[in-house]
file work_13.cif (mmCIF, C-alpha atoms and all ligand atoms)
data_input
loop_
_atom_site.label_atom_id
_atom_site.label_comp_id
_atom_site.auth_asym_id
_atom_site.auth_seq_id
_atom_site.Cartn_x
_atom_site.Cartn_y
_atom_site.Cartn_z
CA MET A 132 -2.94 22.00 -12.31
CA SER A 133 0.53 22.72 -10.86
CA TYR A 134 1.54 21.05 -7.60
CA ALA A 135 1.72 24.47 -5.91
CA LYS A 136 -1.86 25.34 -6.88
CA SER A 137 -3.10 21.91 -5.85
CA ILE A 138 -1.41 22.16 -2.43
CA ILE A 139 -2.59 25.73 -1.80
CA ASP A 140 -6.16 25.24 -3.07
CA ASP A 141 -6.96 21.63 -2.26
CA ILE A 142 -5.12 21.20 1.01
CA PHE A 143 -5.27 24.66 2.59
CA GLY A 144 -8.43 25.90 0.89
CA GLY A 145 -6.96 28.85 -1.03
CA ILE A 146 -4.39 31.64 -0.82
CA ARG A 147 -5.59 33.39 2.35
CA PRO A 148 -6.15 30.28 4.48
CA ALA A 149 -2.76 28.98 3.28
CA ALA A 150 -1.12 32.27 4.26
CA ARG A 151 -2.62 32.00 7.73
CA ALA A 152 -1.70 28.32 8.16
CA LEU A 153 1.89 28.92 7.04
CA ASP A 154 2.30 32.30 8.72
CA ARG A 155 3.36 34.00 5.45
CA SER A 156 1.95 36.99 3.60
CA ALA A 157 -0.84 36.42 1.11
CA SER A 158 1.31 37.97 -1.60
CA THR A 159 4.04 35.35 -1.03
CA ILE A 160 1.52 32.53 -1.38
CA GLN A 161 0.00 34.26 -4.41
CA GLY A 162 3.47 34.27 -5.96
CA TRP A 163 3.82 30.49 -5.49
CA HIS A 164 0.31 30.01 -6.84
CA GLU A 165 1.09 31.94 -10.01
CA ALA A 166 4.55 30.45 -10.51
CA GLY A 167 3.24 26.93 -9.88
CA THR A 168 6.33 26.13 -7.76
CA ILE A 169 7.34 26.54 -4.11
CA PRO A 170 10.96 27.23 -3.04
CA GLN A 171 12.52 24.22 -1.33
CA LYS A 172 13.25 25.99 1.96
CA HIS A 173 9.48 26.13 2.65
CA TRP A 174 8.73 22.47 1.99
CA ASN A 175 9.19 21.26 5.57
CA ASP A 176 6.88 23.93 6.99
CA ILE A 177 4.26 23.03 4.42
CA ILE A 178 4.54 19.30 5.09
CA GLU A 179 4.05 19.97 8.81
CA ALA A 180 1.14 22.39 8.36
CA ALA A 181 -0.60 20.08 5.86
CA LYS A 182 -0.92 17.38 8.51
CA ALA A 183 -3.51 19.46 10.33
CA HIS A 184 -5.55 19.20 7.13
CA ASP A 185 -5.19 15.41 7.00
CA ALA A 186 -2.77 15.62 4.11
CA TYR A 187 0.49 13.72 4.36
CA LEU A 188 2.89 15.20 1.84
CA THR A 189 6.39 14.05 1.06
CA PRO A 190 9.14 16.07 -0.67
CA GLN A 191 8.26 14.21 -3.88
CA ASP A 192 4.97 16.06 -3.98
CA PHE A 193 6.92 19.26 -4.67
CA PHE A 194 7.98 18.14 -8.10
CA GLU A 195 5.88 18.87 -11.15
CA SER A 196 5.56 15.21 -12.15
CA ALA A 197 4.29 14.26 -8.70
CA ALA A 198 1.24 16.53 -8.87
CA PRO A 199 -1.29 13.67 -9.30
CA ALA A 200 0.13 12.01 -6.18
CA ALA A 201 -0.28 15.20 -4.19
CA ALA A 202 -3.88 15.42 -5.33
CA SER A 203 -4.56 12.01 -3.85
CA PHE A 204 -3.28 12.56 -0.31
CA GLY A 205 -5.63 12.38 2.66
CA TYR A 206 -8.06 15.10 1.90
CA GLY A 207 -9.71 13.65 -1.22
CA PHE A 208 -11.19 10.52 0.33
CA LYS A 209 -14.98 10.72 0.42
CA GLN A 210 -16.07 7.09 0.67
CA PRO A 211 -18.58 6.42 3.46
CA HIS A 212 -17.68 2.72 3.79
CA CYS A 213 -14.94 0.20 3.12
CA LEU A 214 -16.87 -2.76 1.69
CA SER A 215 -14.98 -3.86 -1.41
CA ILE A 216 -11.96 -2.86 -3.47
CA ASP A 217 -14.47 -2.23 -6.30
CA ASP A 218 -15.72 0.89 -4.49
CA PHE A 219 -12.32 2.57 -4.59
CA HIS A 220 -10.75 4.61 -7.35
CA ARG A 221 -6.97 4.70 -7.66
CA PRO A 222 -6.68 8.01 -5.72
CA ASP A 223 -8.71 6.48 -2.86
CA ILE A 224 -6.34 3.52 -2.80
CA GLU A 225 -3.27 5.75 -2.85
CA THR A 226 -4.73 7.85 -0.04
CA LEU A 227 -5.38 4.79 2.10
CA LEU A 228 -1.94 3.33 1.43
CA SER A 229 -0.25 6.67 2.23
CA LEU A 230 -2.13 6.91 5.51
CA GLY A 231 -1.15 3.32 6.35
CA ASP A 232 2.44 4.21 5.49
CA HIS A 233 2.23 7.25 7.72
CA TYR A 234 1.07 5.21 10.71
CA LEU A 235 3.71 2.58 10.06
CA ASP A 236 6.32 5.35 10.03
CA LEU A 237 5.04 6.77 13.28
CA GLY A 238 5.61 3.37 14.87
CA VAL A 239 2.21 2.09 15.87
CA GLN A 240 3.39 1.26 19.37
CA LYS A 241 4.48 4.77 20.13
CA ASN A 242 1.91 6.89 18.35
CA PRO A 243 1.34 9.69 20.85
CA ASP A 244 -1.54 11.27 18.97
CA ARG A 245 -4.74 9.66 20.13
CA SER A 246 -6.99 12.45 18.95
CA THR A 247 -7.88 11.39 15.41
CA LEU A 248 -10.85 9.30 16.52
CA ARG A 249 -11.39 10.88 19.93
CA GLY A 250 -15.08 11.00 20.79
CA LYS A 251 -15.91 8.38 18.17
CA THR A 252 -17.17 4.86 18.83
CA LEU A 253 -16.06 1.80 16.94
CA ILE A 254 -17.96 -1.47 17.28
CA ASN A 255 -16.32 -4.71 16.19
CA LEU A 256 -18.96 -7.24 15.22
CA PHE A 257 -17.43 -10.60 14.36
CA PHE A 258 -19.77 -13.44 13.46
CA GLU A 259 -16.79 -15.61 12.47
CA ASN A 260 -13.69 -16.38 14.48
CA SER A 261 -10.73 -14.10 14.03
CA THR A 262 -7.53 -13.42 15.88
CA ARG A 263 -5.51 -11.04 13.72
CA THR A 264 -8.22 -9.00 12.07
CA GLU A 265 -10.39 -8.39 15.12
CA LYS A 266 -7.47 -7.57 17.40
CA SER A 267 -5.84 -5.31 14.85
CA PHE A 268 -9.03 -3.27 14.40
CA GLU A 269 -9.34 -3.07 18.18
CA LEU A 270 -5.77 -1.84 18.54
CA ALA A 271 -6.08 0.51 15.57
CA GLY A 272 -9.23 2.10 17.00
CA LYS A 273 -7.69 2.47 20.47
CA ARG A 274 -4.45 3.93 19.14
CA LEU A 275 -6.48 6.60 17.36
CA GLY A 276 -8.39 7.43 20.55
CA ALA A 277 -11.78 5.84 19.73
CA ASP A 278 -14.00 4.07 22.25
CA VAL A 279 -13.87 0.47 21.07
CA ILE A 280 -16.35 -2.31 21.84
CA SER A 281 -15.78 -5.81 20.55
CA MET A 282 -19.04 -7.77 20.44
CA GLN A 283 -18.56 -11.40 21.26
CA VAL A 284 -21.16 -12.92 19.00
CA ALA A 285 -21.10 -16.18 20.94
CA THR A 286 -22.33 -14.37 24.07
CA SER A 287 -24.59 -11.86 22.34
CA SER A 288 -28.27 -12.11 21.42
CA VAL A 289 -27.28 -13.32 17.97
CA LYS A 290 -26.84 -16.77 19.46
CA LYS A 291 -30.38 -16.47 20.84
CA GLY A 292 -31.76 -16.19 17.31
CA GLU A 293 -31.66 -12.44 16.70
CA THR A 294 -31.41 -11.74 12.98
CA LEU A 295 -28.62 -9.74 11.42
CA LEU A 296 -30.96 -6.81 10.83
CA ASP A 297 -32.28 -6.82 14.41
CA THR A 298 -28.69 -6.76 15.59
CA ALA A 299 -28.04 -3.87 13.22
CA ALA A 300 -30.99 -1.92 14.59
CA THR A 301 -29.80 -2.52 18.17
CA LEU A 302 -26.27 -1.43 17.38
CA ASN A 303 -27.50 1.57 15.44
CA ALA A 304 -29.38 2.74 18.50
CA MET A 305 -26.00 2.94 20.27
CA ASN A 306 -24.89 5.50 17.68
CA PRO A 307 -21.55 4.06 16.65
CA ASP A 308 -19.42 5.93 14.14
CA ILE A 309 -17.78 2.87 12.62
CA LEU A 310 -18.96 -0.72 12.52
CA VAL A 311 -16.37 -3.37 11.61
CA VAL A 312 -18.14 -6.53 10.47
CA ARG A 313 -17.02 -10.06 9.68
CA HIS A 314 -19.72 -12.48 8.58
CA GLY A 315 -19.91 -15.91 6.99
CA SER A 316 -22.33 -14.73 4.30
CA SER A 317 -21.20 -12.77 1.28
CA GLY A 318 -22.89 -9.37 1.17
CA ALA A 319 -23.77 -9.16 4.90
CA PRO A 320 -21.65 -6.01 5.56
CA ALA A 321 -23.13 -4.31 2.46
CA LEU A 322 -26.63 -5.09 3.71
CA LEU A 323 -25.79 -3.67 7.13
CA ALA A 324 -24.35 -0.55 5.51
CA GLN A 325 -27.79 0.17 4.04
CA LYS A 326 -29.48 -0.17 7.42
CA VAL A 327 -27.18 1.70 9.79
CA GLY A 328 -26.26 5.35 9.94
CA CYS A 329 -22.50 4.89 10.32
CA SER A 330 -19.50 3.77 8.29
CA VAL A 331 -19.19 0.02 7.79
CA VAL A 332 -15.90 -1.78 7.27
CA ASN A 333 -15.98 -5.25 5.75
CA ALA A 334 -13.57 -7.41 7.75
CA GLY A 335 -14.31 -10.44 5.57
CA ASP A 336 -17.67 -11.68 4.22
CA GLY A 337 -18.01 -15.30 3.17
CA MET A 338 -15.95 -16.01 0.08
CA HIS A 339 -16.62 -12.53 -1.30
CA ALA A 340 -14.21 -9.84 -0.10
CA HIS A 341 -11.61 -8.86 2.47
CA PRO A 342 -10.54 -5.40 1.32
CA THR A 343 -8.52 -4.43 4.40
CA GLN A 344 -6.37 -7.55 4.01
CA ALA A 345 -5.65 -6.69 0.37
CA LEU A 346 -4.68 -3.14 1.35
CA LEU A 347 -2.36 -4.31 4.11
CA ASP A 348 -0.79 -6.84 1.76
CA ALA A 349 -0.12 -4.12 -0.83
CA LEU A 350 1.40 -1.86 1.82
CA THR A 351 3.55 -4.71 3.16
CA LEU A 352 4.86 -5.34 -0.35
CA ARG A 353 5.61 -1.71 -1.11
CA ARG A 354 7.59 -1.44 2.10
CA ALA A 355 9.43 -4.72 1.48
CA PHE A 356 10.49 -3.69 -2.04
CA ALA A 357 11.59 -0.29 -0.76
CA ALA A 358 13.56 -1.91 2.10
CA LYS A 359 15.47 -3.95 -0.48
CA GLY A 360 16.48 -0.68 -2.14
CA GLU A 361 14.17 -1.26 -5.09
CA ASP A 362 11.46 1.08 -6.22
CA GLY A 363 8.55 0.46 -3.90
CA GLN A 364 6.01 -0.03 -6.66
CA ILE A 365 3.79 -3.01 -7.33
CA ASP A 366 3.36 -1.99 -10.96
CA GLY A 367 4.90 -4.61 -13.28
CA ARG A 368 5.61 -7.17 -10.52
CA ARG A 369 4.68 -10.78 -11.15
CA ILE A 370 2.64 -12.03 -8.19
CA ALA A 371 1.32 -15.57 -7.74
CA ILE A 372 -1.62 -16.34 -5.44
CA CYS A 373 -1.60 -20.05 -4.68
CA GLY A 374 -3.85 -22.70 -3.25
CA ASP A 375 -7.51 -22.60 -2.25
CA ILE A 376 -8.58 -19.71 -4.46
CA LEU A 377 -12.19 -20.91 -4.69
CA HIS A 378 -13.00 -20.29 -1.02
CA SER A 379 -10.77 -17.28 -0.55
CA ARG A 380 -12.06 -13.75 -0.06
CA VAL A 381 -8.42 -12.72 0.40
CA ALA A 382 -7.63 -13.90 -3.14
CA ARG A 383 -10.64 -12.09 -4.63
CA SER A 384 -9.76 -8.76 -3.02
CA ASN A 385 -6.06 -9.13 -3.73
CA VAL A 386 -6.63 -9.89 -7.43
CA LYS A 387 -8.71 -6.72 -7.75
CA LEU A 388 -6.27 -4.51 -5.91
CA LEU A 389 -3.09 -5.91 -7.45
CA ASN A 390 -4.58 -5.64 -10.95
CA ARG A 391 -5.51 -2.04 -10.25
CA LEU A 392 -1.97 -1.33 -9.06
CA GLY A 393 -0.56 -2.73 -12.32
CA ALA A 394 0.79 -6.12 -11.17
CA GLU A 395 0.81 -9.22 -13.36
CA VAL A 396 -1.28 -11.60 -11.28
CA ARG A 397 -1.16 -15.38 -11.57
CA LEU A 398 -3.34 -17.92 -9.79
CA ILE A 399 -1.99 -21.39 -9.08
CA GLY A 400 -4.10 -24.23 -7.71
CA PRO A 401 -5.78 -27.52 -8.50
CA PRO A 402 -8.78 -27.21 -10.87
CA THR A 403 -11.14 -28.19 -8.01
CA LEU A 404 -10.03 -25.14 -5.99
CA LEU A 405 -10.39 -22.55 -8.75
CA PRO A 406 -13.66 -20.68 -9.32
CA THR A 407 -15.52 -21.38 -12.56
CA ASP A 408 -15.57 -17.71 -13.59
CA VAL A 409 -11.80 -17.27 -13.19
CA ASP A 410 -11.38 -16.43 -16.89
CA ARG A 411 -13.03 -13.09 -16.10
CA TRP A 412 -10.63 -12.19 -13.29
CA GLY A 413 -7.91 -10.75 -15.53
CA VAL A 414 -5.26 -13.25 -14.37
CA GLU A 415 -3.25 -16.13 -15.80
CA VAL A 416 -4.14 -19.52 -14.35
CA PHE A 417 -1.75 -22.41 -13.66
CA HIS A 418 -2.25 -25.84 -12.17
CA ASP A 419 1.44 -26.51 -11.75
CA MET A 420 3.67 -24.73 -9.21
CA GLU A 421 6.84 -25.05 -11.28
CA LYS A 422 5.36 -23.28 -14.31
CA GLY A 423 3.24 -20.85 -12.31
CA LEU A 424 6.01 -19.64 -10.01
CA ASP A 425 8.46 -19.04 -12.84
CA GLY A 426 9.78 -15.48 -12.61
CA CYS A 427 7.49 -14.50 -9.70
CA ASP A 428 8.51 -11.62 -7.41
CA VAL A 429 5.94 -12.57 -4.78
CA ILE A 430 4.17 -15.77 -3.71
CA MET A 431 0.99 -15.35 -1.68
CA MET A 432 -0.03 -18.66 -0.10
CA LEU A 433 -3.62 -19.28 1.00
CA ARG A 434 -5.02 -21.46 3.74
CA LEU A 435 -6.87 -24.59 2.73
CA GLN A 436 -10.31 -23.45 4.02
CA LEU A 437 -11.71 -26.75 5.13
CA GLU A 438 -14.59 -25.08 6.99
CA ARG A 439 -15.99 -23.82 3.68
CA MET A 440 -15.70 -27.16 1.89
CA SER A 441 -18.83 -29.24 1.62
CA GLY A 442 -17.14 -32.27 0.03
CA ALA A 443 -13.72 -33.61 -0.83
CA PHE A 444 -11.87 -30.96 -2.81
CA VAL A 445 -8.42 -32.51 -2.33
CA PRO A 446 -7.49 -36.19 -2.06
CA SER A 447 -5.52 -35.75 1.19
CA LYS A 448 -3.57 -33.02 2.97
CA ARG A 449 -0.39 -34.96 2.35
CA GLU A 450 -0.95 -35.14 -1.36
CA TYR A 451 -1.98 -31.48 -1.42
CA PHE A 452 1.31 -30.49 0.20
CA HIS A 453 3.21 -32.61 -2.29
CA PHE A 454 1.76 -30.74 -5.27
CA TYR A 455 0.89 -27.28 -3.92
CA GLY A 456 2.56 -26.83 -0.52
CA LEU A 457 5.32 -24.21 -0.60
CA ASP A 458 8.64 -25.67 0.50
CA ARG A 459 12.24 -24.79 -0.38
CA ALA A 460 12.17 -26.85 -3.57
CA LYS A 461 9.11 -25.08 -4.98
CA LEU A 462 10.31 -21.68 -3.75
CA ALA A 463 13.35 -22.15 -5.99
CA PHE A 464 11.04 -21.97 -9.06
CA ALA A 465 10.32 -18.29 -8.29
CA LYS A 466 12.70 -15.38 -8.87
CA ASP A 467 15.76 -15.19 -6.64
CA GLY A 468 14.86 -13.15 -3.57
CA ALA A 469 11.09 -13.60 -4.07
CA PHE A 470 8.91 -12.73 -1.07
CA VAL A 471 6.47 -15.15 0.55
CA MET A 472 3.20 -14.03 2.15
CA HIS A 473 0.28 -15.69 3.96
CA PRO A 474 -2.74 -13.92 5.51
CA GLY A 475 -2.83 -16.39 8.41
CA PRO A 476 -3.85 -18.55 10.10
CA MET A 477 -1.39 -20.99 8.52
CA ASN A 478 -1.74 -24.74 8.23
CA ARG A 479 1.92 -25.62 8.54
CA GLY A 480 2.83 -28.66 6.50
CA VAL A 481 -0.36 -28.34 4.44
CA GLU A 482 0.03 -25.21 2.29
CA ILE A 483 3.43 -24.04 3.55
CA SER A 484 6.43 -25.60 5.27
CA SER A 485 7.66 -24.12 8.53
CA ASP A 486 11.19 -23.49 7.27
CA VAL A 487 9.85 -21.20 4.51
CA ALA A 488 7.19 -19.54 6.69
CA ASP A 489 9.71 -18.79 9.45
CA ASP A 490 12.62 -17.67 7.27
CA PRO A 491 12.94 -13.89 7.79
CA GLU A 492 14.91 -13.56 4.54
CA VAL A 493 11.91 -14.51 2.42
CA SER A 494 8.81 -14.49 4.62
CA LEU A 495 6.77 -11.30 5.12
CA ILE A 496 4.19 -13.04 7.30
CA THR A 497 5.11 -11.23 10.54
CA GLN A 498 5.32 -7.91 8.71
CA GLN A 499 1.80 -8.50 7.37
CA VAL A 500 0.49 -8.60 10.94
CA GLU A 501 2.40 -5.48 11.98
CA THR A 502 1.37 -3.60 8.85
CA GLY A 503 -2.22 -4.72 9.45
CA VAL A 504 -2.58 -2.48 12.51
CA ALA A 505 -1.12 0.58 10.74
CA MET A 506 -3.17 -0.01 7.60
CA ARG A 507 -6.36 -0.30 9.63
CA MET A 508 -5.48 2.94 11.45
CA GLY A 509 -5.20 4.52 8.01
CA ILE A 510 -8.58 3.15 6.92
CA LEU A 511 -10.32 4.29 10.12
CA HIS A 512 -8.67 7.69 9.82
CA ALA A 513 -9.84 8.12 6.21
CA LEU A 514 -13.42 7.08 6.97
CA SER A 515 -13.57 9.34 10.01
CA ALA A 516 -12.17 12.30 8.03
CA ALA A 517 -14.73 11.63 5.27
CA GLN A 518 -17.53 11.65 7.89
CA ASP A 519 -16.29 14.94 9.32
CA GLY A 520 -15.96 16.42 5.83
CA ALA A 521 -19.50 15.34 4.95
CA SER A 522 -20.99 16.85 8.08
CA SER A 523 -19.14 20.18 7.93
C1 LIG B 601 -8.18 -14.70 6.22
C2 LIG B 601 -9.68 -14.63 6.32
O1 LIG B 601 -10.25 -14.68 7.38
O2 LIG B 601 -10.28 -14.50 5.26
N1 LIG B 601 -7.49 -14.48 7.40
C3 LIG B 601 -7.35 -13.25 7.93
O3 LIG B 601 -8.13 -12.35 7.74
N2 LIG B 601 -6.25 -13.05 8.66
C4 LIG B 601 -7.74 -15.93 5.54
C5 LIG B 601 -8.09 -17.23 6.13
O4 LIG B 601 -8.92 -17.36 7.02
O5 LIG B 601 -7.51 -18.22 5.65
#
call {"tool": "encode", "arguments": {"input": "work_13.cif", "output": "structure tokens"}}
result
Amino acid sequence: MSYAKSIIDDIFGGIRPAARALDRSASTIQGWHEAGTIPQKHWNDIIEAAKAHDAYLTPQDFFESAAPAAASFGYGFKQPHCLSIDDFHRPDIETLLSLGDHYLDLGVQKNPDRSTLRGKTLINLFFENSTRTEKSFELAGKRLGADVISMQVATSSVKKGETLLDTAATLNAMNPDILVVRHGSSGAPALLAQKVGCSVVNAGDGMHAHPTQALLDALTLRRAFAAKGEDGQIDGRRIAICGDILHSRVARSNVKLLNRLGAEVRLIGPPTLLPTDVDRWGVEVFHDMEKGLDGCDVIMMLRLQLERMSGAFVPSKREYFHFYGLDRAKLAFAKDGAFVMHPGPMNRGVEISSDVADDPEVSLITQQVETGVAMRMGILHALSAAQDGASS
């Protein structure tokens, strides 16, 4: 299908609705539809008008070769939940990343449009501690105009012995539109999603998945490559994820997403901190930072997750830093100009040295937090639009 047909039919719903939305005659639109192209002087009007249909076009979408990208903007997302990267097809991922990009462009601080989630209720339900993730969902929901409640699990009935499903039933009775859940057990958000009548977002479940972190990491990288004047694609980049892979839901979601986006993913860590089924992850595994970091464009460091360790997985923190902690010397094994990331919270001096973490030339750690709010706005927007589409 030509880009003109896909914009007219898929975004505006056909020739007549497009004519009305663009204030042009139906015969003009018909002409574009038949020719398969749209004259450049109309592009800006179309980009503006498409926003009302939740489609965020760029001038690139008006080139023949960009037609598949146009088909994946905003309007195609139909997923009811955000539970795992596995649930998303490439167009879903592109849609989410474009929406995140859009909110980052708007400048999350100054976004004047608080109508996207107006009248909707978002409940944050965090059974595990969180600073970044919980606050960024709270901010994202508020910036889109939702009513946001953050349940403090420590003060809620959960501490009095209420089961997860009782809590779900109670929350469901409050009719939320979106439930954002973090839980120490893998699969808890998916179980909740079966029991409640609203969208569920997995904000981290056990060692299983953390899809919103993977999406914000991908968006952070695209922007960082673009800011360097390179093509903003992840395709073909060599990316190393290092450290405590075994206990990391961030690593699991990132491997899935980065593989899907065409990166060459490497895992580096001691054998005791690598999962036994890692040969099925579609990655190359290294136990040595020097070999593993060779030629890497990006180094993602992971926190040593002591709270999930039931025994001694590393001899001592000092020894761990010696072999696997990222400092200047180990950074030099990667490509010149490689980026460093960390989902936070960091154990400084254990998996990363402060001079690397705080160096704005290489570290994207602050950008990850900023991008996190915009990316979560994008995710909430997409889920809310899918709900509205399903009910109309
Ligand atoms: C991560 C998490 O909770 O899985 N942090 C986060 O979401 N910002 C990683 C971690 O806790 O180490």
call {"tool": "closest_residue", "arguments": {"input": "work_13.cif", "among": "A:Phe464, A:Tyr455, A:Phe417, A:Phe444", "to": "A:His378", "atoms": "only C-alpha atoms"}}
result
A:Phe444
call {"tool": "axis_aligned_box", "arguments": {"input": "work_13.cif", "around": "ligand LIG 601 (chain B)", "padding_each_side": "6 Å", "output": "lines of an AutoDock Vina configuration file"}}
result
center_x = -8.3
center_y = -15.3
center_z = 7.0
size_x = 16.0
size_y = 17.9
size_z = 15.4
call {"tool": "residues_around", "arguments": {"input": "work_13.cif", "residues": "A:Met477", "least_positions_apart": "3", "cutoff": "10 Å", "atoms": "only C-alpha atoms", "output": "JSON list (two decimals) with C-alpha atoms, keeping the file's coordinate frame"}}
result
[["chain", "number", "residue", "atom", "x", "y", "z"],
["A", 432, "MET", "CA", -0.03, -18.66, -0.10],
["A", 433, "LEU", "CA", -3.62, -19.28, 1.00],
["A", 434, "ARG", "CA", -5.02, -21.46, 3.74],
["A", 435, "LEU", "CA", -6.87, -24.59, 2.73],
["A", 473, "HIS", "CA", 0.28, -15.69, 3.96],
["A", 474, "PRO", "CA", -2.74, -13.92, 5.51],
["A", 480, "GLY", "CA", 2.83, -28.66, 6.50],
["A", 481, "VAL", "CA", -0.36, -28.34, 4.44],
["A", 482, "GLU", "CA", 0.03, -25.21, 2.29],
["A", 483, "ILE", "CA", 3.43, -24.04, 3.55],
["A", 484, "SER", "CA", 6.43, -25.60, 5.27],
["A", 485, "SER", "CA", 7.66, -24.12, 8.53],
["A", 488, "ALA", "CA", 7.19, -19.54, 6.69],
["A", 496, "ILE", "CA", 4.19, -13.04, 7.30]]
call {"tool": "closest_residue", "arguments": {"input": "work_13.cif", "among": "A:Asp489, A:Asp140, A:Asp428, A:Glu501", "to": "ligand LIG 601 (chain B)", "atoms": "all atoms listed in the file"}}
result
A:Glu501
call {"tool": "residues_around", "arguments": {"input": "work_13.cif", "residues": "stretch 246-248 of chain A", "least_positions_apart": "5", "cutoff": "6 Å", "atoms": "only C-alpha atoms", "output": "PyMOL selection string"}}
result
chain A and resi 275-277
call {"tool": "closest_atom_pairs", "arguments": {"input": "work_13.cif", "of": "chain A", "to": "ligand LIG 601 (chain B)", "cutoff": "9 Å", "atoms": "all atoms listed in the file", "output": "Markdown table"}}
result
| residue | atom | partner | partner_atom | distance |
| --- | --- | --- | --- | --- |
| A:Glu259 | CA | B:LIG601 | O1 | 8.3 |
| A:Asn260 | CA | B:LIG601 | O1 | 8.1 |
| A:Ser261 | CA | B:LIG601 | O1 | 6.7 |
| A:Thr262 | CA | B:LIG601 | N2 | 7.3 |
| A:Arg263 | CA | B:LIG601 | N2 | 5.5 |
| A:Thr264 | CA | B:LIG601 | O3 | 5.5 |
| A:Glu265 | CA | B:LIG601 | O3 | 8.7 |
| A:Arg313 | CA | B:LIG601 | O1 | 8.5 |
| A:Ala334 | CA | B:LIG601 | O3 | 7.3 |
| A:Gly335 | CA | B:LIG601 | O2 | 5.7 |
| A:Asp336 | CA | B:LIG601 | O2 | 8.0 |
| A:Gly337 | CA | B:LIG601 | O2 | 8.0 |
| A:Met338 | CA | B:LIG601 | O2 | 7.8 |
| A:Ala340 | CA | B:LIG601 | O2 | 8.1 |
| A:His341 | CA | B:LIG601 | O2 | 6.4 |
| A:Thr343 | CA | B:LIG601 | O3 | 8.6 |
| A:Gln344 | CA | B:LIG601 | O3 | 6.3 |
| A:His378 | CA | B:LIG601 | O5 | 8.9 |
| A:Ser379 | CA | B:LIG601 | O2 | 6.5 |
| A:Arg380 | CA | B:LIG601 | O2 | 5.7 |
| A:Val381 | CA | B:LIG601 | O2 | 5.5 |
| A:Ala382 | CA | B:LIG601 | O2 | 8.8 |
| A:Leu433 | CA | B:LIG601 | O5 | 6.2 |
| A:Arg434 | CA | B:LIG601 | O5 | 4.5 |
| A:Leu435 | CA | B:LIG601 | O5 | 7.0 |
| A:Gln436 | CA | B:LIG601 | O5 | 6.2 |
| A:His473 | CA | B:LIG601 | C4 | 8.2 |
| A:Pro474 | CA | B:LIG601 | N2 | 4.8 |
| A:Gly475 | CA | B:LIG601 | N2 | 4.8 |
| A:Pro476 | CA | B:LIG601 | O5 | 5.8 |
| A:Met477 | CA | B:LIG601 | O5 | 7.3 |
| A:Val500 | CA | B:LIG601 | N2 | 8.4 |
call {"tool": "closest_residue", "arguments": {"input": "work_13.cif", "among": "A:Ile142, A:Ala321, A:Ala358, A:Leu404", "to": "A:Pro446", "atoms": "all atoms listed in the file"}}
result
A:Leu404
call {"tool": "atom_distance", "arguments": {"input": "work_13.cif", "atom1": "atom CA of A:Trp163", "atom2": "atom CA of A:Ala517"}}
result
28.6 Å
call {"tool": "closest_residue", "arguments": {"input": "work_13.cif", "among": "A:Ala300, A:Val311, A:Arg368, A:Gly393", "to": "A:Ser281", "atoms": "all atoms listed in the file"}}
result
A:Val311
call {"tool": "closest_residue", "arguments": {"input": "work_13.cif", "among": "A:Ala349, A:Leu377, A:Ile280, A:Ala319", "to": "A:Leu227", "atoms": "all atoms listed in the file"}}
result
A:Ala349
